[in-house]
$ cat query.cif   # mmCIF, N, CA and C atoms
data_target
loop_
_atom_site.label_atom_id
_atom_site.label_comp_id
_atom_site.auth_asym_id
_atom_site.auth_seq_id
_atom_site.Cartn_x
_atom_site.Cartn_y
_atom_site.Cartn_z
N ALA A 1 0.84 -1.18 0.00
CA ALA A 1 0.00 0.00 0.00
C ALA A 1 0.90 1.25 0.00
N ASN A 2 0.33 2.33 -0.49
CA ASN A 2 1.10 3.57 -0.51
C ASN A 2 1.09 4.23 0.87
N ILE A 3 1.84 5.31 0.98
CA ILE A 3 2.00 6.00 2.27
C ILE A 3 0.66 6.50 2.82
N ALA A 4 -0.18 7.06 1.96
CA ALA A 4 -1.46 7.59 2.43
C ALA A 4 -2.34 6.48 3.01
N ALA A 5 -2.36 5.32 2.38
CA ALA A 5 -3.17 4.21 2.88
C ALA A 5 -2.65 3.72 4.22
N LYS A 6 -1.33 3.66 4.37
CA LYS A 6 -0.75 3.25 5.65
C LYS A 6 -1.08 4.26 6.74
N ARG A 7 -1.05 5.54 6.40
CA ARG A 7 -1.38 6.56 7.39
C ARG A 7 -2.85 6.50 7.80
N VAL A 8 -3.72 6.25 6.85
CA VAL A 8 -5.14 6.13 7.17
C VAL A 8 -5.36 4.95 8.10
N ALA A 9 -4.72 3.82 7.81
CA ALA A 9 -4.85 2.66 8.68
C ALA A 9 -4.29 2.95 10.07
N GLY A 10 -3.15 3.63 10.12
CA GLY A 10 -2.56 4.00 11.41
C GLY A 10 -3.44 4.94 12.21
N ALA A 11 -4.05 5.91 11.53
CA ALA A 11 -4.95 6.84 12.20
C ALA A 11 -6.18 6.12 12.74
N HIS A 12 -6.69 5.17 11.98
CA HIS A 12 -7.86 4.40 12.41
C HIS A 12 -7.55 3.59 13.67
N VAL A 13 -6.40 2.93 13.66
CA VAL A 13 -6.00 2.14 14.83
C VAL A 13 -5.77 3.05 16.03
N ALA A 14 -5.05 4.15 15.83
CA ALA A 14 -4.78 5.07 16.93
C ALA A 14 -6.08 5.65 17.50
N PHE A 15 -7.01 6.02 16.61
CA PHE A 15 -8.30 6.57 17.02
C PHE A 15 -9.04 5.58 17.92
N ASN A 16 -9.08 4.33 17.51
CA ASN A 16 -9.80 3.32 18.29
C ASN A 16 -9.08 2.98 19.59
N VAL A 17 -7.77 2.93 19.59
CA VAL A 17 -7.02 2.64 20.82
C VAL A 17 -7.21 3.77 21.83
N ILE A 18 -7.11 5.02 21.37
CA ILE A 18 -7.32 6.16 22.26
C ILE A 18 -8.74 6.15 22.82
N GLY A 19 -9.71 5.89 21.96
CA GLY A 19 -11.10 5.82 22.40
C GLY A 19 -11.33 4.71 23.41
N THR A 20 -10.70 3.57 23.21
CA THR A 20 -10.84 2.47 24.15
C THR A 20 -10.24 2.82 25.50
N ILE A 21 -9.10 3.49 25.50
CA ILE A 21 -8.49 3.90 26.77
C ILE A 21 -9.40 4.89 27.50
N ILE A 22 -9.97 5.83 26.76
CA ILE A 22 -10.89 6.79 27.37
C ILE A 22 -12.09 6.06 27.97
N TYR A 23 -12.64 5.10 27.23
CA TYR A 23 -13.82 4.38 27.72
C TYR A 23 -13.50 3.46 28.88
N LEU A 24 -12.27 2.93 28.95
CA LEU A 24 -11.91 2.11 30.10
C LEU A 24 -11.90 2.92 31.38
N VAL A 25 -11.53 4.19 31.27
CA VAL A 25 -11.54 5.07 32.45
C VAL A 25 -12.98 5.26 32.94
N PHE A 26 -13.92 5.36 32.00
CA PHE A 26 -15.33 5.61 32.34
C PHE A 26 -16.19 4.37 32.13
N LEU A 27 -15.64 3.19 32.39
CA LEU A 27 -16.35 1.94 32.10
C LEU A 27 -17.62 1.78 32.92
N VAL A 28 -17.57 2.12 34.19
CA VAL A 28 -18.75 1.94 35.05
C VAL A 28 -19.90 2.86 34.61
N PRO A 29 -19.68 4.16 34.39
CA PRO A 29 -20.79 5.00 33.92
C PRO A 29 -21.29 4.58 32.54
N PHE A 30 -20.38 4.15 31.66
CA PHE A 30 -20.78 3.71 30.32
C PHE A 30 -21.66 2.46 30.42
N THR A 31 -21.26 1.52 31.27
CA THR A 31 -22.06 0.30 31.45
C THR A 31 -23.44 0.64 32.01
N SER A 32 -23.48 1.58 32.94
CA SER A 32 -24.77 2.00 33.50
C SER A 32 -25.65 2.64 32.44
N LEU A 33 -25.05 3.45 31.57
CA LEU A 33 -25.81 4.08 30.49
C LEU A 33 -26.40 3.04 29.55
N ILE A 34 -25.60 2.05 29.19
CA ILE A 34 -26.07 1.01 28.28
C ILE A 34 -27.17 0.18 28.94
N GLN A 35 -27.03 -0.11 30.23
CA GLN A 35 -28.09 -0.83 30.95
C GLN A 35 -29.36 0.01 31.00
N TRP A 36 -29.22 1.30 31.15
CA TRP A 36 -30.39 2.18 31.15
C TRP A 36 -31.09 2.14 29.78
N PHE A 37 -30.28 2.20 28.70
CA PHE A 37 -30.86 2.07 27.36
C PHE A 37 -31.61 0.75 27.23
N GLU A 38 -31.01 -0.32 27.71
CA GLU A 38 -31.59 -1.65 27.58
C GLU A 38 -32.94 -1.75 28.30
N THR A 39 -33.00 -1.25 29.52
CA THR A 39 -34.25 -1.37 30.28
C THR A 39 -35.30 -0.37 29.83
N THR A 40 -34.88 0.84 29.52
CA THR A 40 -35.85 1.87 29.12
C THR A 40 -36.45 1.59 27.76
N LEU A 41 -35.63 1.15 26.82
CA LEU A 41 -36.10 0.92 25.45
C LEU A 41 -36.46 -0.54 25.18
N HIS A 42 -36.36 -1.41 26.20
CA HIS A 42 -36.68 -2.83 26.08
C HIS A 42 -35.93 -3.46 24.91
N LEU A 43 -34.60 -3.33 24.93
CA LEU A 43 -33.77 -3.79 23.83
C LEU A 43 -33.44 -5.27 23.96
N SER A 44 -33.34 -5.92 22.81
CA SER A 44 -32.86 -7.30 22.78
C SER A 44 -31.34 -7.26 22.98
N PRO A 45 -30.73 -8.40 23.26
CA PRO A 45 -29.27 -8.40 23.43
C PRO A 45 -28.52 -7.89 22.20
N GLU A 46 -29.02 -8.22 21.02
CA GLU A 46 -28.38 -7.75 19.79
C GLU A 46 -28.45 -6.23 19.67
N MET A 47 -29.61 -5.66 19.99
CA MET A 47 -29.76 -4.21 19.90
C MET A 47 -28.98 -3.50 21.00
N THR A 48 -28.83 -4.14 22.15
CA THR A 48 -28.02 -3.57 23.22
C THR A 48 -26.57 -3.43 22.77
N ILE A 49 -26.05 -4.47 22.11
CA ILE A 49 -24.69 -4.41 21.58
C ILE A 49 -24.59 -3.32 20.53
N ALA A 50 -25.59 -3.21 19.66
CA ALA A 50 -25.59 -2.18 18.62
C ALA A 50 -25.61 -0.78 19.25
N PHE A 51 -26.42 -0.58 20.28
CA PHE A 51 -26.46 0.72 20.95
C PHE A 51 -25.13 1.03 21.62
N ALA A 52 -24.51 0.04 22.24
CA ALA A 52 -23.21 0.26 22.89
C ALA A 52 -22.16 0.64 21.86
N HIS A 53 -22.16 -0.06 20.74
CA HIS A 53 -21.18 0.22 19.68
C HIS A 53 -21.42 1.61 19.08
N GLY A 54 -22.66 1.93 18.81
CA GLY A 54 -22.99 3.24 18.26
C GLY A 54 -22.67 4.37 19.22
N THR A 55 -22.97 4.16 20.49
CA THR A 55 -22.67 5.17 21.50
C THR A 55 -21.16 5.39 21.61
N PHE A 56 -20.41 4.29 21.60
CA PHE A 56 -18.95 4.40 21.63
C PHE A 56 -18.45 5.20 20.45
N ASN A 57 -18.88 4.86 19.24
CA ASN A 57 -18.38 5.53 18.04
C ASN A 57 -18.75 7.02 18.00
N ILE A 58 -19.98 7.34 18.32
CA ILE A 58 -20.42 8.73 18.24
C ILE A 58 -19.72 9.59 19.29
N THR A 59 -19.69 9.13 20.54
CA THR A 59 -19.06 9.95 21.57
C THR A 59 -17.54 9.99 21.41
N ASN A 60 -16.94 8.91 20.93
CA ASN A 60 -15.51 8.90 20.67
C ASN A 60 -15.16 9.93 19.59
N THR A 61 -15.97 10.01 18.56
CA THR A 61 -15.75 10.98 17.50
C THR A 61 -15.89 12.41 18.04
N ILE A 62 -16.91 12.66 18.83
CA ILE A 62 -17.12 14.00 19.40
C ILE A 62 -15.97 14.39 20.32
N ILE A 63 -15.52 13.45 21.15
CA ILE A 63 -14.43 13.74 22.08
C ILE A 63 -13.13 14.03 21.34
N GLN A 64 -12.82 13.25 20.31
CA GLN A 64 -11.54 13.36 19.63
C GLN A 64 -11.54 14.36 18.47
N PHE A 65 -12.67 14.90 18.11
CA PHE A 65 -12.74 15.82 16.97
C PHE A 65 -11.80 17.02 17.11
N PRO A 66 -11.69 17.65 18.29
CA PRO A 66 -10.77 18.79 18.40
C PRO A 66 -9.29 18.41 18.24
N PHE A 67 -8.97 17.13 18.31
CA PHE A 67 -7.58 16.69 18.26
C PHE A 67 -7.20 16.05 16.92
N ILE A 68 -7.93 16.37 15.87
CA ILE A 68 -7.65 15.78 14.55
C ILE A 68 -6.25 16.16 14.08
N GLY A 69 -5.87 17.41 14.26
CA GLY A 69 -4.55 17.86 13.85
C GLY A 69 -3.43 17.12 14.57
N ALA A 70 -3.60 16.91 15.87
CA ALA A 70 -2.60 16.19 16.65
C ALA A 70 -2.51 14.73 16.21
N LEU A 71 -3.65 14.12 15.91
CA LEU A 71 -3.66 12.74 15.42
C LEU A 71 -2.96 12.64 14.06
N ALA A 72 -3.22 13.60 13.18
CA ALA A 72 -2.56 13.61 11.87
C ALA A 72 -1.06 13.80 12.01
N TYR A 73 -0.65 14.68 12.91
CA TYR A 73 0.78 14.91 13.16
C TYR A 73 1.43 13.63 13.69
N PHE A 74 0.78 12.97 14.65
CA PHE A 74 1.30 11.74 15.23
C PHE A 74 1.46 10.65 14.17
N VAL A 75 0.46 10.48 13.32
CA VAL A 75 0.53 9.43 12.30
C VAL A 75 1.58 9.77 11.24
N THR A 76 1.72 11.05 10.91
CA THR A 76 2.74 11.46 9.94
C THR A 76 4.13 11.19 10.49
N LYS A 77 4.35 11.42 11.78
CA LYS A 77 5.65 11.12 12.39
C LYS A 77 5.86 9.61 12.52
N LEU A 78 4.79 8.89 12.79
CA LEU A 78 4.88 7.44 12.94
C LEU A 78 5.17 6.76 11.61
N ILE A 79 4.57 7.24 10.54
CA ILE A 79 4.74 6.67 9.20
C ILE A 79 5.29 7.77 8.29
N PRO A 80 6.61 7.95 8.27
CA PRO A 80 7.19 9.02 7.46
C PRO A 80 7.19 8.65 5.97
N GLY A 81 7.37 9.67 5.15
CA GLY A 81 7.45 9.45 3.72
C GLY A 81 6.78 10.58 2.97
N GLU A 82 7.02 10.61 1.68
CA GLU A 82 6.42 11.63 0.82
C GLU A 82 5.06 11.15 0.32
N ASP A 83 4.12 12.08 0.30
CA ASP A 83 2.82 11.78 -0.29
C ASP A 83 2.96 11.72 -1.80
N GLU A 84 2.22 10.80 -2.40
CA GLU A 84 2.23 10.69 -3.85
C GLU A 84 1.24 11.68 -4.45
N VAL A 85 1.63 12.31 -5.54
CA VAL A 85 0.75 13.22 -6.24
C VAL A 85 0.29 12.52 -7.51
N VAL A 86 -1.01 12.42 -7.66
CA VAL A 86 -1.56 11.75 -8.84
C VAL A 86 -1.73 12.80 -9.94
N LYS A 87 -1.13 12.55 -11.09
CA LYS A 87 -1.24 13.47 -12.21
C LYS A 87 -2.25 12.94 -13.21
N TYR A 88 -3.12 13.81 -13.66
CA TYR A 88 -4.12 13.41 -14.65
C TYR A 88 -3.74 13.93 -16.00
#
$ encode --input "query.cif" --output "structure tokens"
Amino acid sequence: ANIAAKRVAGAHVAFNVIGTIIYLVFLVPFTSLIQWFETTLHLSPEMTIAFAHGTFNITNTIIQFPFIGALAYFVTKLIPGEDEVVKY
């Protein structure tokens, strides 16, 4: 893969690892929130997992949105190289 593809993959992994660390710190309140969703909305186990996953993704994106530049800088330093320019 080219440099840009490797950086995108690195950013995706870093984004999810950072989000997981954040959620591990707040695991008890997050679990309580998901249990509240389950009981209030009468969710099946499958929908409970879907709500937990969606809640993780949405709040993780909101929390990390202000740090996009820092994440891009980190991935660029982690995976050095020149970007390819496509000529038409």
$ residues_around --input "query.cif" --residues "range 28-39 of chain A" --least-positions-apart "5" --cutoff "7 Å" --atoms "all atoms listed in the file" --output "list in words"
Tyr23, Ser44, Thr48, Phe51 and Ala52 of chain A
$ closest_residue --input "query.cif" --among "A:Leu78, A:Ile68, A:Leu41, A:Val86" --to "Phe15 in chain A" --atoms "only C-alpha atoms"
A:Ile68
$ select_by_dssp --input "query.cif" --residues "chain A" --states "helix (DSSP H, G or I)" --output "short mmCIF file (atom, residue, chain, number, x, y, z; two decimals) with N, CA and C atoms, keeping the file's coordinate frame"
data_model
loop_
_atom_site.label_atom_id
_atom_site.label_comp_id
_atom_site.auth_asym_id
_atom_site.auth_seq_id
_atom_site.Cartn_x
_atom_site.Cartn_y
_atom_site.Cartn_z
N ILE A 3 1.84 5.31 0.98
CA ILE A 3 2.00 6.00 2.27
C ILE A 3 0.66 6.50 2.82
N ALA A 4 -0.18 7.06 1.96
CA ALA A 4 -1.46 7.59 2.43
C ALA A 4 -2.34 6.48 3.01
N ALA A 5 -2.36 5.32 2.38
CA ALA A 5 -3.17 4.21 2.88
C ALA A 5 -2.65 3.72 4.22
N LYS A 6 -1.33 3.66 4.37
CA LYS A 6 -0.75 3.25 5.65
C LYS A 6 -1.08 4.26 6.74
N ARG A 7 -1.05 5.54 6.40
CA ARG A 7 -1.38 6.56 7.39
C ARG A 7 -2.85 6.50 7.80
N VAL A 8 -3.72 6.25 6.85
CA VAL A 8 -5.14 6.13 7.17
C VAL A 8 -5.36 4.95 8.10
N ALA A 9 -4.72 3.82 7.81
CA ALA A 9 -4.85 2.66 8.68
C ALA A 9 -4.29 2.95 10.07
N GLY A 10 -3.15 3.63 10.12
CA GLY A 10 -2.56 4.00 11.41
C GLY A 10 -3.44 4.94 12.21
N ALA A 11 -4.05 5.91 11.53
CA ALA A 11 -4.95 6.84 12.20
C ALA A 11 -6.18 6.12 12.74
N HIS A 12 -6.69 5.17 11.98
CA HIS A 12 -7.86 4.40 12.41
C HIS A 12 -7.55 3.59 13.67
N VAL A 13 -6.40 2.93 13.66
CA VAL A 13 -6.00 2.14 14.83
C VAL A 13 -5.77 3.05 16.03
N ALA A 14 -5.05 4.15 15.83
CA ALA A 14 -4.78 5.07 16.93
C ALA A 14 -6.08 5.65 17.50
N PHE A 15 -7.01 6.02 16.61
CA PHE A 15 -8.30 6.57 17.02
C PHE A 15 -9.04 5.58 17.92
N ASN A 16 -9.08 4.33 17.51
CA ASN A 16 -9.80 3.32 18.29
C ASN A 16 -9.08 2.98 19.59
N VAL A 17 -7.77 2.93 19.59
CA VAL A 17 -7.02 2.64 20.82
C VAL A 17 -7.21 3.77 21.83
N ILE A 18 -7.11 5.02 21.37
CA ILE A 18 -7.32 6.16 22.26
C ILE A 18 -8.74 6.15 22.82
N GLY A 19 -9.71 5.89 21.96
CA GLY A 19 -11.10 5.82 22.40
C GLY A 19 -11.33 4.71 23.41
N THR A 20 -10.70 3.57 23.21
CA THR A 20 -10.84 2.47 24.15
C THR A 20 -10.24 2.82 25.50
N ILE A 21 -9.10 3.49 25.50
CA ILE A 21 -8.49 3.90 26.77
C ILE A 21 -9.40 4.89 27.50
N ILE A 22 -9.97 5.83 26.76
CA ILE A 22 -10.89 6.79 27.37
C ILE A 22 -12.09 6.06 27.97
N TYR A 23 -12.64 5.10 27.23
CA TYR A 23 -13.82 4.38 27.72
C TYR A 23 -13.50 3.46 28.88
N LEU A 24 -12.27 2.93 28.95
CA LEU A 24 -11.91 2.11 30.10
C LEU A 24 -11.90 2.92 31.38
N VAL A 25 -11.53 4.19 31.27
CA VAL A 25 -11.54 5.07 32.45
C VAL A 25 -12.98 5.26 32.94
N LEU A 27 -15.64 3.19 32.39
CA LEU A 27 -16.35 1.94 32.10
C LEU A 27 -17.62 1.78 32.92
N VAL A 28 -17.57 2.12 34.19
CA VAL A 28 -18.75 1.94 35.05
C VAL A 28 -19.90 2.86 34.61
N PRO A 29 -19.68 4.16 34.39
CA PRO A 29 -20.79 5.00 33.92
C PRO A 29 -21.29 4.58 32.54
N PHE A 30 -20.38 4.15 31.66
CA PHE A 30 -20.78 3.71 30.32
C PHE A 30 -21.66 2.46 30.42
N THR A 31 -21.26 1.52 31.27
CA THR A 31 -22.06 0.30 31.45
C THR A 31 -23.44 0.64 32.01
N SER A 32 -23.48 1.58 32.94
CA SER A 32 -24.77 2.00 33.50
C SER A 32 -25.65 2.64 32.44
N LEU A 33 -25.05 3.45 31.57
CA LEU A 33 -25.81 4.08 30.49
C LEU A 33 -26.40 3.04 29.55
N ILE A 34 -25.60 2.05 29.19
CA ILE A 34 -26.07 1.01 28.28
C ILE A 34 -27.17 0.18 28.94
N GLN A 35 -27.03 -0.11 30.23
CA GLN A 35 -28.09 -0.83 30.95
C GLN A 35 -29.36 0.01 31.00
N TRP A 36 -29.22 1.30 31.15
CA TRP A 36 -30.39 2.18 31.15
C TRP A 36 -31.09 2.14 29.78
N PHE A 37 -30.28 2.20 28.70
CA PHE A 37 -30.86 2.07 27.36
C PHE A 37 -31.61 0.75 27.23
N GLU A 38 -31.01 -0.32 27.71
CA GLU A 38 -31.59 -1.65 27.58
C GLU A 38 -32.94 -1.75 28.30
N THR A 39 -33.00 -1.25 29.52
CA THR A 39 -34.25 -1.37 30.28
C THR A 39 -35.30 -0.37 29.83
N THR A 40 -34.88 0.84 29.52
CA THR A 40 -35.85 1.87 29.12
C THR A 40 -36.45 1.59 27.76
N LEU A 41 -35.63 1.15 26.82
CA LEU A 41 -36.10 0.92 25.45
C LEU A 41 -36.46 -0.54 25.18
N PRO A 45 -30.73 -8.40 23.26
CA PRO A 45 -29.27 -8.40 23.43
C PRO A 45 -28.52 -7.89 22.20
N GLU A 46 -29.02 -8.22 21.02
CA GLU A 46 -28.38 -7.75 19.79
C GLU A 46 -28.45 -6.23 19.67
N MET A 47 -29.61 -5.66 19.99
CA MET A 47 -29.76 -4.21 19.90
C MET A 47 -28.98 -3.50 21.00
N THR A 48 -28.83 -4.14 22.15
CA THR A 48 -28.02 -3.57 23.22
C THR A 48 -26.57 -3.43 22.77
N ILE A 49 -26.05 -4.47 22.11
CA ILE A 49 -24.69 -4.41 21.58
C ILE A 49 -24.59 -3.32 20.53
N ALA A 50 -25.59 -3.21 19.66
CA ALA A 50 -25.59 -2.18 18.62
C ALA A 50 -25.61 -0.78 19.25
N PHE A 51 -26.42 -0.58 20.28
CA PHE A 51 -26.46 0.72 20.95
C PHE A 51 -25.13 1.03 21.62
N ALA A 52 -24.51 0.04 22.24
CA ALA A 52 -23.21 0.26 22.89
C ALA A 52 -22.16 0.64 21.86
N HIS A 53 -22.16 -0.06 20.74
CA HIS A 53 -21.18 0.22 19.68
C HIS A 53 -21.42 1.61 19.08
N GLY A 54 -22.66 1.93 18.81
CA GLY A 54 -22.99 3.24 18.26
C GLY A 54 -22.67 4.37 19.22
N THR A 55 -22.97 4.16 20.49
CA THR A 55 -22.67 5.17 21.50
C THR A 55 -21.16 5.39 21.61
N PHE A 56 -20.41 4.29 21.60
CA PHE A 56 -18.95 4.40 21.63
C PHE A 56 -18.45 5.20 20.45
N ASN A 57 -18.88 4.86 19.24
CA ASN A 57 -18.38 5.53 18.04
C ASN A 57 -18.75 7.02 18.00
N ILE A 58 -19.98 7.34 18.32
CA ILE A 58 -20.42 8.73 18.24
C ILE A 58 -19.72 9.59 19.29
N THR A 59 -19.69 9.13 20.54
CA THR A 59 -19.06 9.95 21.57
C THR A 59 -17.54 9.99 21.41
N ASN A 60 -16.94 8.91 20.93
CA ASN A 60 -15.51 8.90 20.67
C ASN A 60 -15.16 9.93 19.59
N THR A 61 -15.97 10.01 18.56
CA THR A 61 -15.75 10.98 17.50
C THR A 61 -15.89 12.41 18.04
N ILE A 62 -16.91 12.66 18.83
CA ILE A 62 -17.12 14.00 19.40
C ILE A 62 -15.97 14.39 20.32
N ILE A 63 -15.52 13.45 21.15
CA ILE A 63 -14.43 13.74 22.08
C ILE A 63 -13.13 14.03 21.34
N GLN A 64 -12.82 13.25 20.31
CA GLN A 64 -11.54 13.36 19.63
C GLN A 64 -11.54 14.36 18.47
N PHE A 65 -12.67 14.90 18.11
CA PHE A 65 -12.74 15.82 16.97
C PHE A 65 -11.80 17.02 17.11
N PRO A 66 -11.69 17.65 18.29
CA PRO A 66 -10.77 18.79 18.40
C PRO A 66 -9.29 18.41 18.24
N PHE A 67 -8.97 17.13 18.31
CA PHE A 67 -7.58 16.69 18.26
C PHE A 67 -7.20 16.05 16.92
N ILE A 68 -7.93 16.37 15.87
CA ILE A 68 -7.65 15.78 14.55
C ILE A 68 -6.25 16.16 14.08
N GLY A 69 -5.87 17.41 14.26
CA GLY A 69 -4.55 17.86 13.85
C GLY A 69 -3.43 17.12 14.57
N ALA A 70 -3.60 16.91 15.87
CA ALA A 70 -2.60 16.19 16.65
C ALA A 70 -2.51 14.73 16.21
N LEU A 71 -3.65 14.12 15.91
CA LEU A 71 -3.66 12.74 15.42
C LEU A 71 -2.96 12.64 14.06
N ALA A 72 -3.22 13.60 13.18
CA ALA A 72 -2.56 13.61 11.87
C ALA A 72 -1.06 13.80 12.01
N TYR A 73 -0.65 14.68 12.91
CA TYR A 73 0.78 14.91 13.16
C TYR A 73 1.43 13.63 13.69
N PHE A 74 0.78 12.97 14.65
CA PHE A 74 1.30 11.74 15.23
C PHE A 74 1.46 10.65 14.17
N VAL A 75 0.46 10.48 13.32
CA VAL A 75 0.53 9.43 12.30
C VAL A 75 1.58 9.77 11.24
N THR A 76 1.72 11.05 10.91
CA THR A 76 2.74 11.46 9.94
C THR A 76 4.13 11.19 10.49
N LYS A 77 4.35 11.42 11.78
CA LYS A 77 5.65 11.12 12.39
C LYS A 77 5.86 9.61 12.52
N LEU A 78 4.79 8.89 12.79
CA LEU A 78 4.88 7.44 12.94
C LEU A 78 5.17 6.76 11.61
#
$ closest_residue --input "query.cif" --among "A:Tyr88, A:Tyr73, A:Glu82, A:Leu27" --to "Asn2 in chain A" --atoms "only C-alpha atoms"
A:Glu82
$ atom_distance --input "query.cif" --atom1 "atom C of Phe56 in chain A" --atom2 "atom N of Thr20 in chain A"
8.4 Å
$ atom_distance --input "query.cif" --atom1 "CA of Asn60 in chain A" --atom2 "atom N of Glu84 in chain A"
29.2 Å
$ atom_distance --input "query.cif" --atom1 "CA of Ile79 in chain A" --atom2 "atom N of Arg7 in chain A"
6.5 Å
